[in-house]
file upload_8.cif (mmCIF, C-alpha atoms and all ligand atoms)
data_data
#
loop_
_atom_site.label_atom_id
_atom_site.label_comp_id
_atom_site.auth_asym_id
_atom_site.auth_seq_id
_atom_site.Cartn_x
_atom_site.Cartn_y
_atom_site.Cartn_z
CA MET S 189 -45.76 -102.87 48.32
CA SER S 190 -48.84 -101.45 46.54
CA THR S 191 -48.45 -99.42 43.37
CA LYS S 192 -49.60 -96.31 45.25
CA ASP S 193 -47.01 -96.82 48.00
CA PHE S 194 -44.32 -97.43 45.39
CA ASN S 195 -45.27 -94.20 43.57
CA VAL S 196 -45.24 -92.16 46.80
CA LEU S 197 -41.87 -93.55 47.83
CA THR S 198 -40.38 -93.01 44.37
CA ILE S 199 -41.59 -89.40 44.18
CA ARG S 200 -40.29 -88.62 47.67
CA GLN S 201 -36.90 -90.18 46.96
CA GLU S 202 -36.42 -88.57 43.55
CA ALA S 203 -37.57 -85.11 44.73
CA ALA S 204 -35.29 -85.25 47.78
CA LYS S 205 -32.35 -86.29 45.58
CA LEU S 206 -32.90 -83.15 43.51
CA GLY S 207 -32.72 -80.96 46.59
CA PHE S 208 -36.39 -80.31 47.32
CA ASP S 209 -36.74 -79.76 51.06
CA GLU S 210 -40.49 -80.27 51.33
CA ILE S 211 -42.72 -82.69 49.43
CA ARG S 212 -46.51 -82.75 49.81
CA PHE S 213 -49.48 -84.08 47.86
CA THR S 214 -53.03 -82.93 47.33
CA HIS S 215 -56.01 -83.81 45.15
CA LEU S 216 -56.63 -81.84 41.98
CA ASP S 217 -60.29 -81.03 41.92
CA PRO S 218 -61.50 -78.37 42.57
CA ALA S 219 -58.59 -75.97 42.06
CA PRO S 220 -58.05 -74.01 45.29
CA GLY S 221 -57.88 -70.26 45.76
CA VAL S 222 -59.72 -69.39 42.54
CA ASP S 223 -62.37 -67.12 44.09
CA ASN S 224 -59.79 -65.05 45.98
CA TYR S 225 -57.61 -64.89 42.91
CA ASN S 226 -60.48 -63.68 40.70
CA ARG S 227 -61.54 -61.09 43.29
CA PHE S 228 -57.94 -59.82 43.43
CA ILE S 229 -58.03 -59.29 39.65
CA ASP S 230 -61.57 -57.88 39.55
CA GLU S 231 -60.62 -55.26 42.14
CA GLY S 232 -57.57 -54.30 40.06
CA ARG S 233 -55.18 -55.10 42.92
CA HIS S 234 -52.82 -56.87 40.51
CA GLY S 235 -51.79 -53.54 38.98
CA GLU S 236 -50.04 -53.97 35.63
CA MET S 237 -49.51 -57.72 35.95
CA GLY S 238 -51.52 -58.60 32.85
CA TRP S 239 -50.19 -62.16 32.92
CA MET S 240 -52.34 -62.72 35.99
CA GLU S 241 -55.48 -61.92 34.00
CA ARG S 242 -54.41 -64.00 31.03
CA GLY S 243 -53.88 -67.01 33.27
CA GLN S 244 -57.33 -66.94 34.90
CA PRO S 245 -59.02 -69.72 32.84
CA PRO S 246 -56.30 -72.40 33.28
CA ARG S 247 -55.85 -71.49 36.94
CA ALA S 248 -59.51 -72.29 37.46
CA ASN S 249 -59.36 -75.40 35.28
CA PRO S 250 -56.06 -77.26 35.71
CA PHE S 251 -57.43 -80.15 33.59
CA SER S 252 -56.80 -77.88 30.61
CA LEU S 253 -53.09 -77.94 31.50
CA LEU S 254 -52.83 -81.70 31.89
CA PRO S 255 -55.79 -83.72 30.61
CA GLY S 256 -56.24 -86.72 32.88
CA ALA S 257 -54.55 -85.01 35.84
CA LYS S 258 -55.51 -86.53 39.20
CA SER S 259 -53.20 -85.21 41.90
CA VAL S 260 -50.76 -82.44 42.63
CA ILE S 261 -47.23 -82.65 43.99
CA VAL S 262 -46.26 -79.49 45.86
CA LEU S 263 -42.55 -79.00 46.45
CA GLY S 264 -40.73 -76.51 48.64
CA MET S 265 -37.14 -75.39 48.27
CA ASN S 266 -35.66 -73.32 51.05
CA TYR S 267 -33.73 -70.20 50.00
CA SER S 268 -32.89 -68.67 53.37
CA HIS S 269 -29.35 -67.54 53.97
CA PRO S 270 -28.13 -65.01 56.52
CA ARG S 271 -28.26 -61.47 55.12
CA PRO S 272 -24.73 -60.24 54.38
CA PRO S 273 -23.80 -57.34 56.68
CA ASP S 274 -24.72 -53.83 55.58
CA PRO S 275 -21.69 -52.60 53.63
CA GLY S 276 -22.65 -49.01 54.44
CA GLY S 277 -22.25 -46.15 51.99
CA LEU S 278 -24.83 -45.52 49.32
CA THR S 279 -26.18 -49.03 49.00
CA GLY S 280 -29.69 -50.40 48.65
CA LYS S 281 -31.21 -53.64 49.91
CA VAL S 282 -32.33 -56.56 47.77
CA ALA S 283 -35.00 -59.08 48.82
CA SER S 284 -33.39 -62.33 49.91
CA TYR S 285 -34.99 -64.56 47.28
CA ALA S 286 -32.98 -62.68 44.64
CA TRP S 287 -29.49 -62.90 46.16
CA GLY S 288 -28.58 -66.05 44.27
CA ARG S 289 -29.37 -67.66 40.93
CA ASP S 290 -32.73 -67.21 39.24
CA TYR S 291 -35.05 -69.76 40.81
CA HIS S 292 -37.27 -70.00 37.72
CA ASN S 293 -34.37 -71.41 35.79
CA ARG S 294 -32.69 -73.44 38.53
CA ILE S 295 -35.79 -75.05 39.97
CA GLY S 296 -37.36 -75.35 36.49
CA LYS S 297 -34.42 -77.55 35.45
CA ARG S 298 -34.84 -79.73 38.51
CA LEU S 299 -38.55 -80.13 37.80
CA LYS S 300 -37.77 -81.29 34.28
CA LYS S 301 -35.30 -83.78 35.68
CA LEU S 302 -37.82 -84.98 38.26
CA ASP S 303 -40.37 -85.49 35.49
CA ARG S 304 -37.82 -87.49 33.44
CA ASN S 305 -36.81 -89.67 36.37
CA LEU S 306 -40.42 -90.38 37.33
CA ARG S 307 -41.38 -91.27 33.75
CA GLU S 308 -38.62 -93.85 33.79
CA GLN S 309 -39.86 -95.45 36.99
CA ILE S 310 -43.64 -95.03 36.97
CA PRO S 311 -45.32 -96.51 33.89
CA GLY S 312 -47.46 -93.98 31.98
CA PHE S 313 -46.46 -91.09 34.30
CA LEU S 314 -47.21 -87.59 32.94
CA SER S 315 -46.80 -84.21 34.61
CA TYR S 316 -47.20 -80.49 34.06
CA GLY S 317 -45.22 -78.34 36.45
CA GLY S 318 -43.60 -75.03 37.07
CA VAL S 319 -42.34 -72.56 39.60
CA ASP S 320 -43.91 -69.11 39.33
CA SER S 321 -43.96 -69.35 35.56
CA ARG S 322 -47.13 -71.36 34.85
CA PRO S 323 -50.82 -70.53 35.34
CA LEU S 324 -51.01 -72.18 38.75
CA ILE S 325 -51.91 -70.57 42.08
CA GLU S 326 -48.87 -71.94 43.90
CA ARG S 327 -49.69 -70.65 47.38
CA ALA S 328 -53.21 -72.03 47.29
CA TRP S 329 -51.96 -75.49 46.28
CA ALA S 330 -49.31 -75.28 48.99
CA GLN S 331 -51.91 -74.41 51.61
CA ARG S 332 -54.18 -77.28 50.65
CA ALA S 333 -51.26 -79.70 50.64
CA GLY S 334 -50.16 -78.58 54.11
CA LEU S 335 -46.97 -77.01 52.79
CA GLY S 336 -47.46 -74.06 55.10
CA PHE S 337 -50.48 -72.06 56.18
CA LEU S 338 -51.27 -68.75 54.50
CA GLY S 339 -50.22 -65.99 56.88
CA LYS S 340 -51.74 -62.55 57.22
CA ASN S 341 -48.85 -61.47 54.97
CA CYS S 342 -50.28 -63.70 52.20
CA LEU S 343 -47.23 -65.99 52.24
CA ALA S 344 -47.09 -69.74 52.80
CA ILE S 345 -45.42 -70.28 56.17
CA LEU S 346 -44.20 -73.48 57.77
CA PRO S 347 -45.03 -72.88 61.44
CA GLY S 348 -41.97 -72.27 63.58
CA ARG S 349 -39.70 -72.82 60.60
CA SER S 350 -39.81 -70.42 57.68
CA SER S 351 -41.59 -68.64 54.87
CA TYR S 352 -38.33 -68.36 52.93
CA PHE S 353 -39.00 -71.11 50.43
CA PHE S 354 -39.91 -71.35 46.77
CA ILE S 355 -43.01 -73.33 45.84
CA ALA S 356 -43.07 -75.58 42.79
CA VAL S 357 -46.24 -77.31 41.65
CA MET S 358 -46.59 -80.44 39.49
CA LEU S 359 -49.92 -81.71 38.23
CA VAL S 360 -49.67 -85.46 37.72
CA ASN S 361 -51.85 -88.16 36.17
CA ILE S 362 -51.61 -90.60 39.10
CA ASP S 363 -53.50 -90.83 42.38
CA LEU S 364 -51.53 -89.74 45.43
CA PRO S 365 -52.70 -89.68 49.05
CA PRO S 366 -53.49 -86.07 50.00
CA ASP S 367 -51.68 -84.43 52.91
CA THR S 368 -53.64 -82.46 55.51
CA PRO S 369 -53.86 -78.65 55.44
CA LEU S 370 -52.50 -76.81 58.47
CA GLY S 371 -54.67 -74.57 60.61
CA ASP S 372 -54.07 -70.88 61.26
CA HIS S 373 -50.82 -70.14 63.07
CA CYS S 374 -50.97 -66.32 63.12
CA GLY S 375 -53.31 -66.07 66.08
CA SER S 376 -53.53 -62.51 67.34
CA CYS S 377 -50.15 -61.51 65.83
CA GLN S 378 -50.26 -58.77 63.23
CA ARG S 379 -46.64 -57.69 63.05
CA CYS S 380 -46.51 -57.97 59.26
CA LEU S 381 -49.58 -55.76 58.85
CA ASP S 382 -48.12 -53.16 61.17
CA VAL S 383 -44.64 -53.11 59.66
CA CYS S 384 -45.58 -52.76 56.00
CA PRO S 385 -44.31 -49.26 55.17
CA THR S 386 -46.81 -48.62 52.40
CA GLY S 387 -49.90 -50.14 54.04
CA ALA S 388 -50.16 -52.69 51.24
CA PHE S 389 -52.28 -55.09 53.31
CA THR S 390 -55.86 -53.95 53.07
CA ALA S 391 -56.93 -56.65 55.56
CA PRO S 392 -55.31 -59.76 57.06
CA GLY S 393 -54.40 -61.97 54.10
CA GLU S 394 -55.42 -59.31 51.55
CA LEU S 395 -52.76 -57.52 49.55
CA ASP S 396 -53.03 -54.56 47.22
CA ALA S 397 -50.03 -55.23 44.97
CA ARG S 398 -50.16 -51.63 43.72
CA ARG S 399 -48.86 -50.51 47.12
CA CYS S 400 -46.43 -53.40 47.66
CA ILE S 401 -42.75 -52.48 47.42
CA SER S 402 -41.98 -55.82 45.76
CA TYR S 403 -44.48 -55.11 43.00
CA LEU S 404 -43.43 -51.48 42.61
CA THR S 405 -39.71 -52.19 42.36
CA ILE S 406 -39.95 -55.33 40.21
CA GLU S 407 -43.14 -55.57 38.15
CA HIS S 408 -44.31 -51.98 37.82
CA LYS S 409 -43.04 -50.37 34.65
CA GLY S 410 -43.61 -46.63 34.88
CA GLU S 411 -43.36 -43.88 37.47
CA ILE S 412 -43.56 -45.01 41.07
CA PRO S 413 -46.37 -43.04 42.75
CA ASN S 414 -44.96 -40.05 44.60
CA ASP S 415 -46.66 -40.86 47.88
CA LEU S 416 -45.01 -44.30 48.07
CA ARG S 417 -41.41 -43.42 47.18
CA GLN S 418 -40.34 -42.33 50.64
CA GLN S 419 -41.76 -45.51 52.19
CA MET S 420 -39.47 -47.62 50.01
CA GLY S 421 -36.62 -46.65 52.34
CA ARG S 422 -33.54 -48.58 51.23
CA TRP S 423 -35.34 -51.30 49.24
CA VAL S 424 -33.97 -51.11 45.69
CA PHE S 425 -35.32 -54.51 44.56
CA GLY S 426 -38.15 -56.31 46.34
CA CYS S 427 -38.86 -56.19 50.06
CA ASP S 428 -38.68 -58.63 52.98
CA ASP S 429 -40.20 -56.44 55.71
CA CYS S 430 -43.28 -58.63 56.23
CA GLN S 431 -41.14 -61.77 56.41
CA GLU S 432 -38.40 -60.35 58.62
CA VAL S 433 -40.84 -59.55 61.44
CA CYS S 434 -42.69 -62.85 61.29
CA PRO S 435 -42.04 -64.87 64.45
CA HIS S 436 -42.12 -68.07 62.39
CA ASN S 437 -38.93 -67.06 60.61
CA PRO S 438 -35.62 -67.81 62.29
CA LYS S 439 -33.48 -64.95 63.52
CA ASN S 440 -30.45 -66.77 62.14
CA PRO S 441 -31.54 -68.44 58.92
CA ILE S 442 -30.07 -71.79 58.08
CA PHE S 443 -27.86 -72.06 55.03
CA ALA S 444 -30.03 -73.31 52.18
CA ASP S 445 -29.13 -74.53 48.71
CA PRO S 446 -25.87 -72.86 47.59
CA GLU S 447 -27.50 -71.80 44.30
CA PHE S 448 -29.51 -69.28 46.31
CA ALA S 449 -26.63 -68.04 48.46
CA PRO S 450 -25.80 -64.34 48.10
CA ARG S 451 -23.64 -63.63 45.06
CA ALA S 452 -21.18 -60.75 45.21
CA GLY S 453 -22.94 -57.45 44.53
CA HIS S 454 -26.44 -58.95 44.64
CA ALA S 455 -27.65 -58.57 48.25
CA TRP S 456 -26.72 -54.90 48.51
CA LEU S 457 -26.50 -52.79 45.38
CA ASP S 458 -24.13 -49.86 44.93
CA LEU S 459 -26.76 -47.29 44.03
CA GLU S 460 -24.56 -44.81 42.17
CA TRP S 461 -23.08 -47.64 40.12
CA VAL S 462 -26.59 -48.85 39.18
CA LEU S 463 -27.62 -45.33 38.31
CA LEU S 464 -24.65 -44.63 36.04
CA ALA S 465 -23.72 -48.02 34.58
CA ASP S 466 -24.62 -48.60 30.93
CA ASP S 467 -27.38 -51.08 30.12
CA ASP S 468 -25.04 -53.81 28.89
CA THR S 469 -22.99 -53.67 32.09
CA LEU S 470 -26.11 -54.03 34.24
CA LYS S 471 -27.48 -56.85 32.10
CA SER S 472 -24.22 -58.72 32.26
CA HIS S 473 -23.77 -58.22 36.04
CA PHE S 474 -27.28 -59.52 36.70
CA GLN S 475 -27.15 -62.34 34.16
CA GLY S 476 -28.93 -65.39 35.59
CA SER S 477 -30.37 -63.36 38.49
CA PRO S 478 -33.99 -62.37 39.24
CA ILE S 479 -32.66 -58.80 39.57
CA ARG S 480 -32.74 -58.51 35.76
CA ARG S 481 -36.54 -58.46 35.82
CA PRO S 482 -37.20 -54.67 36.01
CA GLY S 483 -34.58 -53.99 33.34
CA PRO S 484 -31.89 -51.28 33.52
CA GLN S 485 -34.43 -48.45 33.44
CA GLY S 486 -36.42 -49.91 36.35
CA LEU S 487 -33.31 -50.53 38.42
CA LYS S 488 -32.06 -46.98 37.83
CA ARG S 489 -35.48 -45.59 38.79
CA ASN S 490 -35.39 -47.61 42.03
CA ALA S 491 -31.78 -46.58 42.75
CA ALA S 492 -32.65 -42.90 42.32
CA ILE S 493 -35.50 -43.21 44.82
CA VAL S 494 -33.32 -44.90 47.43
CA LEU S 495 -30.62 -42.25 46.95
CA GLY S 496 -33.30 -39.61 47.53
CA ASN S 497 -34.43 -41.44 50.66
CA MET S 498 -30.89 -41.68 52.00
CA GLY S 499 -30.54 -37.93 51.60
CA ASP S 500 -26.74 -37.98 51.37
CA PRO S 501 -25.55 -34.89 49.48
CA SER S 502 -22.57 -36.82 48.11
CA ALA S 503 -25.02 -38.47 45.66
CA ARG S 504 -25.70 -35.11 43.98
CA THR S 505 -23.12 -35.50 41.19
CA SER S 506 -24.40 -38.94 40.21
CA LEU S 507 -28.01 -37.80 40.26
CA LEU S 508 -27.15 -34.76 38.14
CA ARG S 509 -25.49 -37.07 35.61
CA ALA S 510 -28.60 -39.28 35.63
CA MET S 511 -30.60 -36.21 34.63
CA ASP S 512 -28.89 -36.55 31.21
CA HIS S 513 -30.18 -40.12 30.81
CA SER S 514 -32.23 -40.69 27.65
CA ASP S 515 -35.11 -42.25 29.59
CA ALA S 516 -37.78 -39.90 30.94
CA ILE S 517 -38.56 -42.14 33.93
CA VAL S 518 -34.93 -42.25 35.05
CA LYS S 519 -34.68 -38.47 34.68
CA SER S 520 -37.85 -37.70 36.61
CA HIS S 521 -36.87 -39.96 39.50
CA ALA S 522 -33.36 -38.47 39.58
CA LYS S 523 -34.95 -35.04 39.74
CA TRP S 524 -37.21 -36.16 42.61
CA ALA S 525 -34.17 -37.48 44.47
CA LEU S 526 -32.17 -34.29 43.89
CA ASP S 527 -35.01 -32.25 45.34
CA ARG S 528 -34.75 -34.31 48.51
CA LEU S 529 -31.02 -33.88 49.08
FE1 LIG W 601 -48.92 -64.16 60.82
FE2 LIG W 601 -47.58 -62.57 62.53
FE3 LIG W 601 -46.27 -63.88 60.60
FE4 LIG W 601 -47.91 -61.86 59.98
S1 LIG W 601 -46.02 -61.68 61.18
S2 LIG W 601 -47.77 -63.80 58.92
S3 LIG W 601 -49.52 -62.10 61.48
S4 LIG W 601 -47.40 -64.79 62.33
#

call {"tool": "encode", "arguments": {"input": "upload_8.cif", "output": "structure tokens", "more": "lines below"}}
Ligand code: SF4
result
Amino acid sequence: MSTKDFNVLTIRQEAAKLGFDEIRFTHLDPAPGVDNYNRFIDEGRHGEMGWMERGQPPRANPFSLLPGAKSVIVLGMNYSHPRPPDPGGLTGKVASYAWGRDYHNRIGKRLKKLDRNLREQIPGFLSYGGVDSRPLIERAWAQRAGLGFLGKNCLAILPGRSSYFFIAVMLVNIDLPPDTPLGDHCGSCQRCLDVCPTGAFTAPGELDARRCISYLTIEHKGEIPNDLRQQMGRWVFGCDDCQEVCPHNPKNPIFADPEFAPRAGHAWLDLEWVLLADDDTLKSHFQGSPIRRPGPQGLKRNAAIVLGNMGDPSARTSLLRAMDHSDAIVKSHAKWALDRL
């Protein structure tokens, strides 16, 4: 067996042992997706995500992240689980990637282990990797490596299978045989563009994050623009609308890694509880979950909006109590919701 074949086999075996469902390779140079990425930033469509601007130089020049890098391993880990039934009452929906454990942490640990195992078996092996936490344009690497095509909803999609997978990227200092990119598999479909409640897609494959419910409920820090609140419907954290309508996603998702299975009280949130719980209670309930990201103030803001959208007068007492909250954003969103009851 040649050294290259041995390396490919070893990487595939070790990655599969650690639970990665998809393993692809691509060449390193030039870094893909940079022009689109820079245009996205230049047009201000990234909103308040300053980390995207800060990461522009290394995204364009991955050699600065791993001198001597030659190839890229792109790994997919499925997170799809069936959505738990609607519990009814005053509850809000959470995007499915956040039902289980925080993928940054869980997949990050597996990447470290993969790196360790490969160093032991491949002489001189070095890597630089991450999952949504490093200056790497994950979707662009995935597309070039054939780990999905980029749909009109801007997500990497494995045709006829799923877009519900996390993408991890590892730059490595060895030569690996590149996989082939997939062609377009959207065709004339445009369900995701039509379903987006806020019109966040400015064109097929072009997103304005400032209108995206995922961005607004997770990354955006301040007031949510008035004209977008009603369109959030019941989404209290993230949004899956553009994935749920995609014909490539299964109606009955398979059960993926148990770490990403829905934890109690994480797929549907009790909105009045979120609104009234103290910060420590919220932090402790969402420990180890992506739902911690917006912080207690952001979650309460989102909960107030969904309560306003549900329009159930029984939420009045909770919203009135939220008006006494020390945070101006929570108060103003509670007031907006009260005006809608
Ligand atoms: Fe493509 Fe249709 Fe899926 Fe959108 S919903 S990503 S247009 S296949």

call {"tool": "residues_around", "arguments": {"input": "upload_8.cif", "residues": "region 483-495 of chain S", "least_positions_apart": "4", "cutoff": "8 Å", "atoms": "only C-alpha atoms", "output": "ChimeraX atom specification"}}
result
/S:278,280,405-406,409,417-418,420-425,459-460,462-464,467,470-471,499-500,503,507,515,517-518,521-522,524-525

call {"tool": "closest_residue", "arguments": {"input": "upload_8.cif", "among": "S:Thr390, S:Thr505, S:Ser351, S:Ser514", "to": "ligand LIG 601 (chain W)", "atoms": "all atoms listed in the file"}}
result
S:Ser351

call {"tool": "residues_near_ligand", "arguments": {"input": "upload_8.cif", "ligand": "ligand LIG 601 (chain W)", "cutoff": "10 Å", "atoms": "all atoms listed in the file", "output": "ChimeraX atom specification"}}
result
/S:337-345,347-348,350-351,372-383,392-393,429-437

call {"tool": "closest_residue", "arguments": {"input": "upload_8.cif", "among": "S:Arg307, S:Phe389, S:Ser520, S:Gly453", "to": "Gly496 (chain S)", "atoms": "all atoms listed in the file"}}
result
S:Ser520

call {"tool": "atom_distance", "arguments": {"input": "upload_8.cif", "atom1": "CA of Asp415 (chain S)", "atom2": "CA of Arg480 (chain S)"}}
result
25.5 Å

call {"tool": "atom_distance", "arguments": {"input": "upload_8.cif", "atom1": "CA of Pro369 (chain S)", "atom2": "CA of Leu299 (chain S)"}}
result
23.4 Å

call {"tool": "atom_distance", "arguments": {"input": "upload_8.cif", "atom1": "CA of Gly318 (chain S)", "atom2": "CA of Asp193 (chain S)"}}
result
24.6 Å

call {"tool": "residues_around", "arguments": {"input": "upload_8.cif", "residues": "region 260-275 of chain S", "least_positions_apart": "6", "cutoff": "8 Å", "atoms": "all atoms listed in the file", "output": "ChimeraX atom specification"}}
result
/S:207-216,284-285,329-330,333,335,352-360,364,440-445,448-450,455-456

call {"tool": "closest_residue", "arguments": {"input": "upload_8.cif", "among": "S:Pro246, S:Glu202, S:Ala286, S:Ser402", "to": "Arg304 (chain S)", "atoms": "all atoms listed in the file"}}
result
S:Glu202

call {"tool": "closest_residue", "arguments": {"input": "upload_8.cif", "among": "S:His454, S:Asp396, S:Phe194, S:Ser506", "to": "Asp230 (chain S)", "atoms": "only C-alpha atoms"}}
result
S:Asp396

call {"tool": "closest_residue", "arguments": {"input": "upload_8.cif", "among": "S:Ala283, S:Leu254, S:Leu370, S:Met240", "to": "Ile325 (chain S)", "atoms": "all atoms listed in the file"}}
result
S:Met240

call {"tool": "residues_around", "arguments": {"input": "upload_8.cif", "residues": "Leu206 (chain S)", "least_positions_apart": "5", "cutoff": "9 Å", "atoms": "all atoms listed in the file", "output": "MDAnalysis selection string"}}
result
chainID S and resid 201 298:299 301:302

call {"tool": "write_last_selection", "arguments": {"input": "upload_8.cif", "atoms": "C-alpha atoms", "output": "short mmCIF file (atom, residue, chain, number, x, y, z; two decimals), in the coordinates of the input"}}
result
data_model
loop_
_atom_site.label_atom_id
_atom_site.label_comp_id
_atom_site.auth_asym_id
_atom_site.auth_seq_id
_atom_site.Cartn_x
_atom_site.Cartn_y
_atom_site.Cartn_z
CA GLN S 201 -36.90 -90.18 46.96
CA ARG S 298 -34.84 -79.73 38.51
CA LEU S 299 -38.55 -80.13 37.80
CA LYS S 301 -35.30 -83.78 35.68
CA LEU S 302 -37.82 -84.98 38.26
#

call {"tool": "residues_around", "arguments": {"input": "upload_8.cif", "residues": "Gly476 (chain S)", "least_positions_apart": "6", "cutoff": "10 Å", "atoms": "all atoms listed in the file", "output": "list in words"}}
result
Gly288, Arg289, Asp290, Tyr291, His292, Asn293 and Arg294 of chain S

call {"tool": "closest_residue", "arguments": {"input": "upload_8.cif", "among": "S:Gly312, S:Gly256, S:Gly277, S:Gly243", "to": "Ser502 (chain S)", "atoms": "all atoms listed in the file"}}
result
S:Gly277

call {"tool": "residues_around", "arguments": {"input": "upload_8.cif", "residues": "Asn361 (chain S)", "least_positions_apart": "4", "cutoff": "6 Å", "atoms": "all atoms listed in the file", "output": "VMD selection string"}}
result
chain S and resid 256 to 258 314

call {"tool": "decode", "arguments": {"input": "upload_8.cif", "residues": "region 357-370 of chain S", "atoms": "N, CA, C and O atoms", "output": "JSON list (two decimals), in the first residue's frame"}}
result
[["chain", "number", "residue", "atom", "x", "y", "z"],
["S", 357, "VAL", "N", -13.79, 21.31, 9.73],
["S", 357, "VAL", "CA", -12.74, 21.43, 8.71],
["S", 357, "VAL", "C", -11.38, 21.29, 9.38],
["S", 357, "VAL", "O", -11.14, 21.86, 10.44],
["S", 358, "MET", "N", -10.51, 20.50, 8.76],
["S", 358, "MET", "CA", -9.14, 20.31, 9.26],
["S", 358, "MET", "C", -8.16, 20.58, 8.14],
["S", 358, "MET", "O", -8.17, 19.87, 7.12],
["S", 359, "LEU", "N", -7.31, 21.58, 8.29],
["S", 359, "LEU", "CA", -6.21, 21.77, 7.35],
["S", 359, "LEU", "C", -5.12, 20.80, 7.77],
["S", 359, "LEU", "O", -4.86, 20.66, 8.97],
["S", 360, "VAL", "N", -4.49, 20.15, 6.81],
["S", 360, "VAL", "CA", -3.46, 19.17, 7.16],
["S", 360, "VAL", "C", -2.24, 19.35, 6.26],
["S", 360, "VAL", "O", -2.35, 19.88, 5.15],
["S", 361, "ASN", "N", -1.10, 18.89, 6.76],
["S", 361, "ASN", "CA", 0.16, 19.09, 6.03],
["S", 361, "ASN", "C", 0.54, 17.88, 5.18],
["S", 361, "ASN", "O", 1.72, 17.66, 4.94],
["S", 362, "ILE", "N", -0.45, 17.09, 4.76],
["S", 362, "ILE", "CA", -0.15, 15.96, 3.87],
["S", 362, "ILE", "C", -1.04, 16.07, 2.63],
["S", 362, "ILE", "O", -2.09, 16.72, 2.67],
["S", 363, "ASP", "N", -0.60, 15.44, 1.58],
["S", 363, "ASP", "CA", -1.37, 15.43, 0.32],
["S", 363, "ASP", "C", -2.46, 14.38, 0.39],
["S", 363, "ASP", "O", -2.18, 13.22, 0.70],
["S", 364, "LEU", "N", -3.67, 14.78, 0.05],
["S", 364, "LEU", "CA", -4.79, 13.82, 0.03],
["S", 364, "LEU", "C", -5.50, 13.95, -1.32],
["S", 364, "LEU", "O", -5.58, 15.06, -1.87],
["S", 365, "PRO", "N", -6.04, 12.87, -1.85],
["S", 365, "PRO", "CA", -6.68, 12.96, -3.16],
["S", 365, "PRO", "C", -8.03, 13.69, -3.06],
["S", 365, "PRO", "O", -8.89, 13.29, -2.27],
["S", 366, "PRO", "N", -8.19, 14.77, -3.83],
["S", 366, "PRO", "CA", -9.42, 15.57, -3.68],
["S", 366, "PRO", "C", -10.67, 14.85, -4.17],
["S", 366, "PRO", "O", -10.62, 14.14, -5.18],
["S", 367, "ASP", "N", -11.76, 15.02, -3.43],
["S", 367, "ASP", "CA", -13.06, 14.51, -3.90],
["S", 367, "ASP", "C", -13.65, 15.51, -4.90],
["S", 367, "ASP", "O", -13.20, 16.65, -5.00],
["S", 368, "THR", "N", -14.70, 15.07, -5.58],
["S", 368, "THR", "CA", -15.29, 15.89, -6.65],
["S", 368, "THR", "C", -16.47, 16.69, -6.14],
["S", 368, "THR", "O", -17.34, 16.13, -5.45],
["S", 369, "PRO", "N", -16.54, 17.98, -6.46],
["S", 369, "PRO", "CA", -17.72, 18.77, -6.05],
["S", 369, "PRO", "C", -18.98, 18.24, -6.72],
["S", 369, "PRO", "O", -18.92, 17.66, -7.80],
["S", 370, "LEU", "N", -20.12, 18.46, -6.07],
["S", 370, "LEU", "CA", -21.40, 18.04, -6.64],
["S", 370, "LEU", "C", -21.96, 19.19, -7.48],
["S", 370, "LEU", "O", -21.66, 20.35, -7.21]]
